[in-house]
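Below: the structure, in structure tokens.
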There are 4 protein chains.
Amino acid sequence: MRKKNATVWEVRFKNKTSSLIQDVGSSIEVDKRLYKEDIRGSIAHTNMLGKQKIISQKRSKKIIMGLKKINKEIQANKFNFKKKYEDIHLNIERRLFEIIGEDAGYMHIARSRNDQIVTDFKMWLRNSTNHIVKNLNILNKTIIRKAEQNIKTVMPGFTHLKNAQPVLFSHYLLAYVEMFKRDKKRFSNNLTNLSENPLGVAALVGTSYKIDRNFTTKKLGFVKPTENSIDTVSDRDFALDFLSSTAICSLHISRVAEELIIWTSNGFNLIKLSDKVLTGSSIMPQKKNPDPLEILRGKSGKSFGNLSSMLTILKGLPLSYFKDLQDDKEIVFNSYDNLNNSINILVEVINNLKPNKDRMLELAKEGFTTATDFADYLVQQKDMSFRKAYKLSAKLVNYAERRKKRLDQLTLNEIKMIKSDLEDEVLKVLDVRNSVENKISYAGTSTKNVRRMIIKNKKEIK
Amino acid sequence: MRKKNATVWEVRFKNKTSSLIQDVGSSIEVDKRLYKEDIRGSIAHTNMLGKQKIISQKRSKKIIMGLKKINKEIQANKFNFKKKYEDIHLNIERRLFEIIGEDAGYMHIARSRNDQIVTDFKMWLRNSTNHIVKNLNILNKTIIRKAEQNIKTVMPGFTHLKNAQPVLFSHYLLAYVEMFKRDKKRFSNNLTNLSENPLGVAALVGTSYKIDRNFTTKKLGFVKPTENSIDTVSDRDFALDFLSSTAICSLHISRVAEELIIWTSNGFNLIKLSDKVLTGSSIMPQKKNPDPLEILRGKSGKSFGNLSSMLTILKGLPLSYFKDLQDDKEIVFNSYDNLNNSINILVEVINNLKPNKDRMLELAKEGFTTATDFADYLVQQKDMSFRKAYKLSAKLVNYAERRKKRLDQLTLNEIKMIKSDLEDEVLKVLDVRNSVENKISYAGTSTKNVRRMIIKNKKEIK
Amino acid sequence: MRKKNATVWEVRFKNKTSSLIQDVGSSIEVDKRLYKEDIRGSIAHTNMLGKQKIISQKRSKKIIMGLKKINKEIQANKFNFKKKYEDIHLNIERRLFEIIGEDAGYMHIARSRNDQIVTDFKMWLRNSTNHIVKNLNILNKTIIRKAEQNIKTVMPGFTHLKNAQPVLFSHYLLAYVEMFKRDKKRFSNNLTNLSENPLGVAALVGTSYKIDRNFTTKKLGFVKPTENSIDTVSDRDFALDFLSSTAICSLHISRVAEELIIWTSNGFNLIKLSDKVLTGSSIMPQKKNPDPLEILRGKSGKSFGNLSSMLTILKGLPLSYFKDLQDDKEIVFNSYDNLNNSINILVEVINNLKPNKDRMLELAKEGFTTATDFADYLVQQKDMSFRKAYKLSAKLVNYAERRKKRLDQLTLNEIKMIKSDLEDEVLKVLDVRNSVENKISYAGTSTKNVRRMIIKNKKEIK
Amino acid sequence: MRKKNATVWEVRFKNKTSSLIQDVGSSIEVDKRLYKEDIRGSIAHTNMLGKQKIISQKRSKKIIMGLKKINKEIQANKFNFKKKYEDIHLNIERRLFEIIGEDAGYMHIARSRNDQIVTDFKMWLRNSTNHIVKNLNILNKTIIRKAEQNIKTVMPGFTHLKNAQPVLFSHYLLAYVEMFKRDKKRFSNNLTNLSENPLGVAALVGTSYKIDRNFTTKKLGFVKPTENSIDTVSDRDFALDFLSSTAICSLHISRVAEELIIWTSNGFNLIKLSDKVLTGSSIMPQKKNPDPLEILRGKSGKSFGNLSSMLTILKGLPLSYFKDLQDDKEIVFNSYDNLNNSINILVEVINNLKPNKDRMLELAKEGFTTATDFADYLVQQKDMSFRKAYKLSAKLVNYAERRKKRLDQLTLNEIKMIKSDLEDEVLKVLDVRNSVENKISYAGTSTKNVRRMIIKNKKEIK
């Protein structure tokens, strides 16, 4: 008779595990999130054992029936997870014994928790990666829509946060699209590592049973079985790939968030956010704060830290399974939830954002932003070297600065003091909208280019 | 009439916060852990408001009565925390309105959540830091006890994990004590930053009410009030100090864990752990694995990652409060729980560990570990330069290696082939126990020294 | 007349940059490593300017001639890099003025250092990534060769560093091959991001000159031009991709190093390293330390830190160029050099490593490593459930342990005490070599499988 | 006869170290920076050997004479460091043999490179820590001077980067002083760990020579000898302490830098930097960029990464010396240089910074920054609860916003629409300067308080 509450290894152990150790060693609070994958894996495994005649068809069916029942219990929130059974695998096995009796003891043939957990985790990550990819598409469509709605809005472009050259707001937004397209690509690349089926390598050396790994590979949606048993149970590259992709994506989000925070400040005042994405203060009655953006920015810290944690955990770890690896799931789940929330929040923010077009145009004229256009004009019209033209333009800027004028406020006579043979058309060169529309080089900020890129991106994203 | 479920800032906002934003923005699931500190702080604050006649004594008492009731409700697990009230402060204020009515509106005079949260957090950290310090003392006493019990056990000392020179097991254990003494010192140093009271700087500029910060300072166990209001609400140094101390302490634990894992391997087999601190395998019937030690080693990764997260979150953040800071508590709580668990586990492991004395002695003789003693002997007895003696000793080792002998298995005649004028007493030099007892220099591994250090440490730790 | 030592922007500035700022701001000591790429980029750019008639063919040729001269000067170590010209671009432009005079001023038309540096850096990284890929192939071939040479050597397989099940040394080595194959794949994936040509987006908005970005794309070995000018100068994903691939690869190396360090310890003594890859001690004459392996293990720390640094630098950075990005090159160069050295060292170590076959076999028999085989045998021969068989096997282990016997030292009669109907053939089940050869499941450790994988890997790696 | 170019351990080794290994294993390029400390340590050690009669006085003097000569050679840049002698210790020993002959062989009695390097490194760090402390004082004095010069300048205080409440620029600057005071304290605390003398613990177990560790302790400026030989050669806490203090200090600098970058943007335009601390663009003639500030911000990334590297390197490392530790010096030197440069740059920037007082005042009036003052006024004058007053103030803000007026532009009649019994004096409440001067609570922003803090800080810093 099976003792109530016994662990799998009770026969071998003289003393019970100390309760502190049991408590900290248990991962069930975290890995119960994998119950679907675990049951799906066990069903496929049991199916295979039956098909290969390693166990009888009858037993196979009985076990699968029991597993399906457990699946329903968990879904219905009626399953009693217990710390003492350590993890999702042993909690389920234990319940299976209760439901179908001693036949449950045939399920763990030809496998170990070492291959089982990697199988569960890879399935979960495959699904979650696909979800992120889908969400990145939604984000990019949202940004593109906002760009389309404001295609001709001129704003200052910055380098070093100082006004540099005029740019279209829509062009700026499309820069974000590029970043998230790369993220999508990166996540998609990860699917290759996630397509190799670990199930069947057992503890670390494979098994002497005549198992069919191709069968479970197909059943579980993998592409091929892994090729080295020791590597299979030691490998957490797929977690690292996910964490580094997540870190880079959350980095991109932090950069967007930082810009929007700066733009919504009273100093810049370039955009307006709807109250839906703002919060107030407990003491200052006037306040409307872009809290969600700050959360986005801050979460990158968690994301980087999680990557760093996982790298450190694996650093210098000899091969094959160690309990150090237990934390991989908590870390990955946390990074996934943060990223997923972050993408959703960013979509919400973009949808609730309006450019202050007047202020954008006004600020675009500050900072002598068409000085480069003036230099380029001299090169193009006067066959001057760029370095000479640059110097003349610098002189013009110095002059305007002294007079406290913007470049578009200078008269032709004033400009001619810098170079006497200039004509009326030079005034147009100093205009910010004209400057924008002149940037027709591929990837440049002219409306024509932006329109082209919007079409191209829409096609690519579908 | 106050609307049910209204936020503090409802008047100012046209739209309700989107539910997604509210959900992610809410920190109540994390910061409810601070309820005691929050209520204690509010009571002190309200007391002070009454004492300073900023509010009436009657109101002051009513508010405090309400707060004490809330404290009991939370302790009795009868408080209904709501995400929509965002955090611990507003959840409590909201409940206070329900209990005492509109007088609750007087509590938030002359303060902001910005100073309130820092006050709560510092009080919590002060307490937690003291707890860690206490636990480190327990750990060190446990190690010292183990050292005392095995004071004369000889084992190999390693450099590069290869046998280097014989050493006492007790001396090895005392090396751990040194590490944890430094940790204790480091945590104690942190108490200085934690002794400055933030309460009363309000949002970021102080307040025009005639508050008495010295009063709350005393009531809340601080030493003095902070000195710059902007810095006070921006500063998270106290969290960083805690996280870096925790990182270093968990690093020490990871080093101890690694050693014990190696020592308990079949290859080394230097120690034996009781079943209480071991776990089994789901597939391999014979297995007894040092899971707890692996958890200790792995947790250092989380701890480093947490420090890294917090640094990243704060990096490049302008002064004063930002929502990015919200994550500081989740991070610190996680690092605290991990460290606290880790120390407790390590105590349990040390208590359940036995040296395999025979194997220790045997292995100490491998690897020509007394070659340095031989060189030193030549220097001391034959006035030889160390470099010359070193070479002769290297030759002796080469000889022994070729003959597949240990140094203590060489005959006097064999040794004399290296240097002909050596006498019988040289054989003693090659003995590992003799080698150990000769290391009488301060901090060296002789029993005499170890005994002295045990006494010294016991006195210091109390 | 151009003033000697003037900066490009001298006209605009009233004061000279302070010497401290100039000193720290200068990146020439680092980015001079990009001189080849910079000159190659400038030649392509100038070629294009000529072809597009933006400058005359004559000027174009003159500039290119000057650039080629500079290339030779630098190669011949005759170029005088100056801190005051800040970086590789301005050092070269400055020298070009000296060589060809004012025509040099035409080279910087339609470009900025912002697009120039990204172009240089991407070309360098493309080349370096290819180099790493090549080196990983060499490493894998080296490992495979070692596996072939020792194909039938039995050793203990470990979980939790404790003996688990017997395994082939060659199978263990092939686990490393899997890790490095994934690394190779990861680096190869990075080439996509590196294939987009940044040149021609100028400072951040594109340019009004009629440039041909497809021309420079082709000339510089890129696949297509980048698509958004702002993103192009802001993006450092390609650096992050390289750093995260490097971190993961160096992590793998650290795991291999750790194992080899443990295996070469006196406690394990499973392998022997040649003196070529060992170093000695200044005090202990007998010592032979695996320093190179420790360097490999330690360097992973640098590699992770570099990734962490770059992520932090970019965190929360608004778009377009900032000087914060200056450190990207120093960081990437450091990670590249470390990884490249590490791979080379590991090749050297593998080549200079020999298994101690006798000790391997001996240790494989310790720790009851065939207990799982015994359980599997009961399942297969006696139609027992695995959980029941597991318990019987645990009992057998307990018995052997009490008698201080290995499993292969038990007599049939002793085994029959556990289960009375067992026959002679059970003795074979407890043999470690037999155990190994039975693991014929795909990816398992049987010689047959290992041989198959060696052939497969050789084909794939070429 | 000593062979030319021989390593110390040549007798024991059959093969020469491979040149690749030698190359990577050599640390001389990095640790030659410790030459002074190394020679000082060797002199003290040799002195002690003589005093204790372990070597003759004559030999002791000869060795010291040789060491002093070497010191001069290195200072005069005439010393030929060689990679093949691996590190600073063996390079110097080697040269000593050349200068004084075989007596050099007596210097390494009773010590190892393991204790030697820790001694050198601790001395260097002690000195460097003191240097940082001194520099932080200079920085704080510079900030205080700037605060004094602009004591009454009103600017907007921010939370969430949005205008919150008016504040004095001088008060803002003093917030920085608080941060750097904490840094100073943190570095000073580190000196305790740095005061324990490692010299004399030899390789890892102490020595059998009758050495006097108190003598070298005194000679080398330490306070007491370390107490456990194994811990002494394993411990790198002093490096971690330095790196974490450096990380936190560079974090503070990054926050200051970020603010100044935002303030110098065209959008905010709150401060003006002199050309001395700005740089230009290669393409945009008008540009003046705050490069130095961006370097300060970015360097925090390197600093965090370095801390992370060192933690990772030490993670899970068994006790006593491993070559992994070699990188500690490169990492610490890099963090030290960066921090030192950063402090110097920040001093230069602060000295070259001017507030745009008009713009500061103007922006302080935007964003309804006195709304809290209005609420506080209602509480103080009308005995209203803060929550009620908060709501009335919110209504006033809503009204002003609709009318596109600032709060100080409202008429009494308009204000009375919110609450009819208000009088003229309420207009003063809405004035930003009045708001500032009312913040008389301890640590608040009133001029009175700021003046007090300037005096207090000056006294403390000296």
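By convention here, the chains of the structure tokens are called A, B, ... in the order presented, each chain's residues are numbered starting at 1, and ligands are numbered starting at 1 in the order presented.
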
Next item on the list: Would you list the contacts of segment 159-164 of chain A as JSON, numbers by chain, taking every protein, DNA or RNA residue within 9 Å and counting only C-alpha atoms, but skipping same-chain residues closer than 6 positions in sequence?
Entry: {"A": [363, 364, 365, 366, 367, 368, 369, 370, 372], "C": [203, 204, 318, 319, 320, 321, 322, 323], "D": [261, 262, 264, 265, 266, 267, 284, 286, 287, 288, 289, 290, 291, 294]}

Next item on the list: Would you mind listing what lies within 12 Å of Leu427 of chain C as an MDAnalysis selection string, with only C-alpha atoms counted and same-chain residues fewer than 5 positions away left out?
Entry: chainID C and resid 370:371 373:374 377 407:416 422 432 434:435

Write the residues of the preceding selection, restricted to C-alpha atoms, as a compact mmCIF listing (two decimals), in the first residue's frame.
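Produced file part_21.txt, reproduced below:
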# COMPACT_ATOMS: atom_id res chain seq x y z
CA THR C 370 22.98 1.27 -12.58
CA ALA C 371 20.09 1.43 -10.13
CA ASP C 373 18.82 0.00 -15.17
CA PHE C 374 17.76 -2.41 -12.48
CA TYR C 377 14.80 -4.30 -16.06
CA LEU C 407 26.01 -2.79 -7.30
CA ASP C 408 28.24 -4.82 -9.61
CA GLN C 409 29.74 -6.51 -6.57
CA LEU C 410 26.44 -7.98 -5.40
CA THR C 411 25.88 -11.70 -5.83
CA LEU C 412 22.76 -13.14 -7.42
CA ASN C 413 21.66 -14.41 -4.05
CA GLU C 414 21.90 -10.99 -2.53
CA ILE C 415 19.85 -9.54 -5.36
CA LYS C 416 17.27 -12.23 -5.02
CA LEU C 422 15.49 -13.01 -10.77
CA VAL C 432 28.16 -0.04 -16.37
CA ASN C 434 26.20 -2.78 -20.57
CA SER C 435 24.16 0.08 -19.15

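Closest approach to chain A among B:Ser234, B:Ser281, B:Gln149, B:Thr46: B:Ser281, based on only C-alpha atoms.
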
Next item on the list: Quick one: everything within 9 Å of Leu392 of chain A, counting only C-alpha atoms, minus sequence neighbours fewer than 3 positions away in the same chain. Send it as a ChimeraX atom specification.
Entry: /A:374-375,378,387-389,395-397,418-419 /C:11 /D:285

Residues just named, written with all heavy atoms as a short mmCIF file (atom, residue, chain, number, x, y, z; two decimals), in the first residue's frame:
data_model
loop_
_atom_site.label_atom_id
_atom_site.label_comp_id
_atom_site.auth_asym_id
_atom_site.auth_seq_id
_atom_site.Cartn_x
_atom_site.Cartn_y
_atom_site.Cartn_z
N PHE A 374 21.16 75.40 -45.34
CA PHE A 374 21.86 76.56 -45.90
C PHE A 374 23.23 76.16 -46.43
O PHE A 374 23.61 76.52 -47.55
CB PHE A 374 21.98 77.66 -44.83
CG PHE A 374 22.64 78.92 -45.32
CD1 PHE A 374 22.03 79.71 -46.29
CD2 PHE A 374 23.88 79.31 -44.82
CE1 PHE A 374 22.64 80.89 -46.74
CE2 PHE A 374 24.50 80.48 -45.27
CZ PHE A 374 23.87 81.27 -46.23
N ALA A 375 23.95 75.37 -45.65
CA ALA A 375 25.27 74.90 -46.10
C ALA A 375 25.14 74.05 -47.35
O ALA A 375 25.89 74.23 -48.33
CB ALA A 375 25.96 74.11 -44.98
N LEU A 378 24.59 76.14 -50.41
CA LEU A 378 25.83 76.76 -50.91
C LEU A 378 26.64 75.75 -51.71
O LEU A 378 27.20 76.05 -52.77
CB LEU A 378 26.65 77.29 -49.74
CG LEU A 378 26.03 78.45 -48.94
CD1 LEU A 378 26.95 78.86 -47.79
CD2 LEU A 378 25.75 79.67 -49.83
N ARG A 387 32.97 71.90 -46.30
CA ARG A 387 33.61 72.49 -45.12
C ARG A 387 33.57 74.01 -45.16
O ARG A 387 33.39 74.66 -44.13
CB ARG A 387 35.05 71.99 -44.99
CG ARG A 387 35.16 70.61 -44.35
CD ARG A 387 34.86 70.62 -42.84
NE ARG A 387 34.55 69.27 -42.33
CZ ARG A 387 33.33 68.87 -42.02
NH1 ARG A 387 32.29 69.68 -42.13
NH2 ARG A 387 33.12 67.65 -41.58
N LYS A 388 33.72 74.58 -46.39
CA LYS A 388 33.62 76.05 -46.49
C LYS A 388 32.19 76.50 -46.24
O LYS A 388 31.94 77.48 -45.53
CB LYS A 388 34.06 76.50 -47.88
CG LYS A 388 35.51 76.91 -47.94
CD LYS A 388 35.83 77.65 -49.23
CE LYS A 388 37.34 77.77 -49.38
NZ LYS A 388 37.78 77.65 -50.77
N ALA A 389 31.26 75.80 -46.86
CA ALA A 389 29.85 76.16 -46.73
C ALA A 389 29.42 76.06 -45.26
O ALA A 389 28.66 76.90 -44.76
CB ALA A 389 29.01 75.22 -47.59
N LYS A 395 28.63 81.11 -39.50
CA LYS A 395 28.66 82.57 -39.33
C LYS A 395 27.25 83.15 -39.35
O LYS A 395 26.92 84.05 -38.58
CB LYS A 395 29.51 83.21 -40.43
CG LYS A 395 30.99 83.13 -40.13
CD LYS A 395 31.84 83.74 -41.23
CE LYS A 395 33.32 83.50 -40.94
NZ LYS A 395 34.16 83.73 -42.13
N LEU A 396 26.44 82.64 -40.26
CA LEU A 396 25.06 83.10 -40.32
C LEU A 396 24.33 82.84 -39.00
O LEU A 396 23.61 83.71 -38.48
CB LEU A 396 24.32 82.39 -41.47
CG LEU A 396 22.92 82.92 -41.78
CD1 LEU A 396 23.00 84.31 -42.42
CD2 LEU A 396 22.15 81.97 -42.70
N VAL A 397 24.55 81.66 -38.46
CA VAL A 397 23.93 81.30 -37.19
C VAL A 397 24.41 82.24 -36.08
O VAL A 397 23.62 82.75 -35.28
CB VAL A 397 24.25 79.83 -36.82
CG1 VAL A 397 23.84 79.53 -35.39
CG2 VAL A 397 23.56 78.89 -37.79
N ILE A 418 26.66 87.56 -45.29
CA ILE A 418 27.49 86.36 -45.20
C ILE A 418 28.04 85.98 -46.57
O ILE A 418 29.21 85.65 -46.73
CB ILE A 418 26.64 85.17 -44.66
CG1 ILE A 418 26.12 85.47 -43.26
CG2 ILE A 418 27.46 83.88 -44.67
CD1 ILE A 418 27.17 85.73 -42.20
N LYS A 419 27.17 86.07 -47.55
CA LYS A 419 27.62 85.79 -48.92
C LYS A 419 26.79 86.65 -49.84
O LYS A 419 25.56 86.53 -49.92
CB LYS A 419 27.44 84.29 -49.22
CG LYS A 419 27.99 83.91 -50.59
CD LYS A 419 28.41 82.46 -50.68
CE LYS A 419 28.75 82.07 -52.11
NZ LYS A 419 29.81 82.87 -52.74
N VAL C 11 34.41 78.00 -35.93
CA VAL C 11 33.76 79.28 -36.19
C VAL C 11 32.62 79.56 -35.21
O VAL C 11 32.41 80.66 -34.77
CB VAL C 11 33.20 79.32 -37.64
CG1 VAL C 11 32.35 80.57 -37.86
CG2 VAL C 11 34.34 79.25 -38.64
N PRO D 285 26.00 73.03 -38.79
CA PRO D 285 26.87 74.14 -38.37
C PRO D 285 26.43 74.83 -37.09
O PRO D 285 27.26 75.43 -36.41
CB PRO D 285 26.78 75.12 -39.56
CG PRO D 285 26.26 74.31 -40.72
CD PRO D 285 25.39 73.27 -40.12
#

Report as a CSV table (one decimal) with C-alpha atoms, in the first residue's frame the set of chain B residues whose atoms approach chain A to within 6 Å, with distances computed over only C-alpha atoms.
chain,number,residue,atom,x,y,z
B,9,TRP,CA,-8.1,63.1,-8.2
B,15,ASN,CA,-11.9,60.3,-18.2
B,16,LYS,CA,-11.3,57.4,-15.9
B,17,THR,CA,-8.0,55.7,-16.1
B,18,SER,CA,-8.2,52.8,-18.4
B,112,SER,CA,2.4,63.5,0.2
B,275,ASP,CA,19.0,13.0,4.4
B,276,LYS,CA,17.2,16.0,5.9
B,277,VAL,CA,18.9,18.3,3.5
B,280,GLY,CA,15.8,12.3,-4.5
B,283,ILE,CA,13.8,8.2,-12.1
B,291,ASP,CA,19.3,20.4,-3.8
B,294,GLU,CA,22.2,24.3,-5.3
B,295,ILE,CA,19.3,26.6,-4.4
B,298,GLY,CA,21.5,29.8,-7.7
B,301,GLY,CA,21.9,35.1,-9.5
B,302,LYS,CA,18.5,36.5,-8.5
B,305,GLY,CA,20.0,40.6,-11.0
B,306,ASN,CA,17.9,42.5,-8.4
B,308,SER,CA,21.3,45.3,-11.4
B,309,SER,CA,17.6,46.0,-11.9
B,312,THR,CA,19.2,50.4,-14.1
B,313,ILE,CA,15.8,51.7,-13.0
B,323,LYS,CA,6.6,56.0,-11.0
B,324,ASP,CA,9.7,54.0,-12.2

Item checked: Selection near Val30 of chain C, 7 Å with only C-alpha atoms, sequence-local residues under 3 positions removed, as number ranges by chain -> C: 27, 33, 330

Next item on the list: From a DSSP calculation on the backbone, collect every residue of segment 257-345 of chain B in strand (DSSP E or B) and output the set as number ranges by chain.
Entry: B: 271-273, 279, 289

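Between atom CA of Met48 of chain C and atom CA of Ser446 of chain A lies a distance of 21.7 Å.
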
Note to self: as a PyMOL selection string, please: the residues near Leu273 of chain A (cut-off 7 Å, only C-alpha atoms, same-chain neighbours under 6 positions excluded).
What the structure shows: chain A and resi 352-354

Saved selection, atoms kept: N, CA, C and O atoms, as an mmCIF file, in the first residue's frame:
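Contents of part-v1.cif, as written:
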data_model
loop_
_atom_site.group_PDB
_atom_site.id
_atom_site.type_symbol
_atom_site.label_atom_id
_atom_site.label_comp_id
_atom_site.auth_asym_id
_atom_site.auth_seq_id
_atom_site.Cartn_x
_atom_site.Cartn_y
_atom_site.Cartn_z
ATOM 1 N N ASN A 352 -3.923 57.092 -27.206
ATOM 2 C CA ASN A 352 -4.426 58.226 -26.436
ATOM 3 C C ASN A 352 -3.482 59.421 -26.464
ATOM 4 O O ASN A 352 -3.432 60.204 -25.522
ATOM 5 N N LEU A 353 -2.770 59.552 -27.541
ATOM 6 C CA LEU A 353 -1.765 60.607 -27.657
ATOM 7 C C LEU A 353 -2.109 61.509 -28.842
ATOM 8 O O LEU A 353 -2.481 61.031 -29.915
ATOM 9 N N LYS A 354 -1.955 62.816 -28.613
ATOM 10 C CA LYS A 354 -2.149 63.771 -29.715
ATOM 11 C C LYS A 354 -0.959 64.704 -29.794
ATOM 12 O O LYS A 354 -0.518 65.218 -28.759
#

Next item on the list: Could you give me, as a list in words, the residues within 9 Å of Glu102 of chain D, counting only C-alpha atoms and dropping anything in the same chain fewer than 4 positions from it?
Entry: Ser385, Arg387 and Lys388 of chain B; Arg2, Leu96, Phe97, Glu98 and Tyr106 of chain D

Margin query: I'd like the interatomic distance between atom CA of Asn77 of chain C and atom CA of Lys36 of chain C, to a tenth of an Å.
Written below: 13.0 Å

Item checked: Nearby residues (only C-alpha atoms) at most 9 Å from Phe81 of chain A, same-chain spacing under 5 positions excluded, as an NGL selection string -> :A and (28-29 or 32 or 87-88 or 91-92)

Would you save the residues from that selection as a short mmCIF file (atom, residue, chain, number, x, y, z; two decimals), in the first residue's frame, using C-alpha atoms?
data_model
loop_
_atom_site.label_atom_id
_atom_site.label_comp_id
_atom_site.auth_asym_id
_atom_site.auth_seq_id
_atom_site.Cartn_x
_atom_site.Cartn_y
_atom_site.Cartn_z
CA ILE A 28 4.84 24.33 -7.33
CA GLU A 29 3.70 27.92 -6.75
CA LYS A 32 1.76 25.14 -11.76
CA ASP A 87 6.49 20.49 -8.40
CA ILE A 88 3.83 20.23 -11.08
CA ASN A 91 1.60 16.87 -7.91
CA ILE A 92 -0.07 15.52 -11.01
#
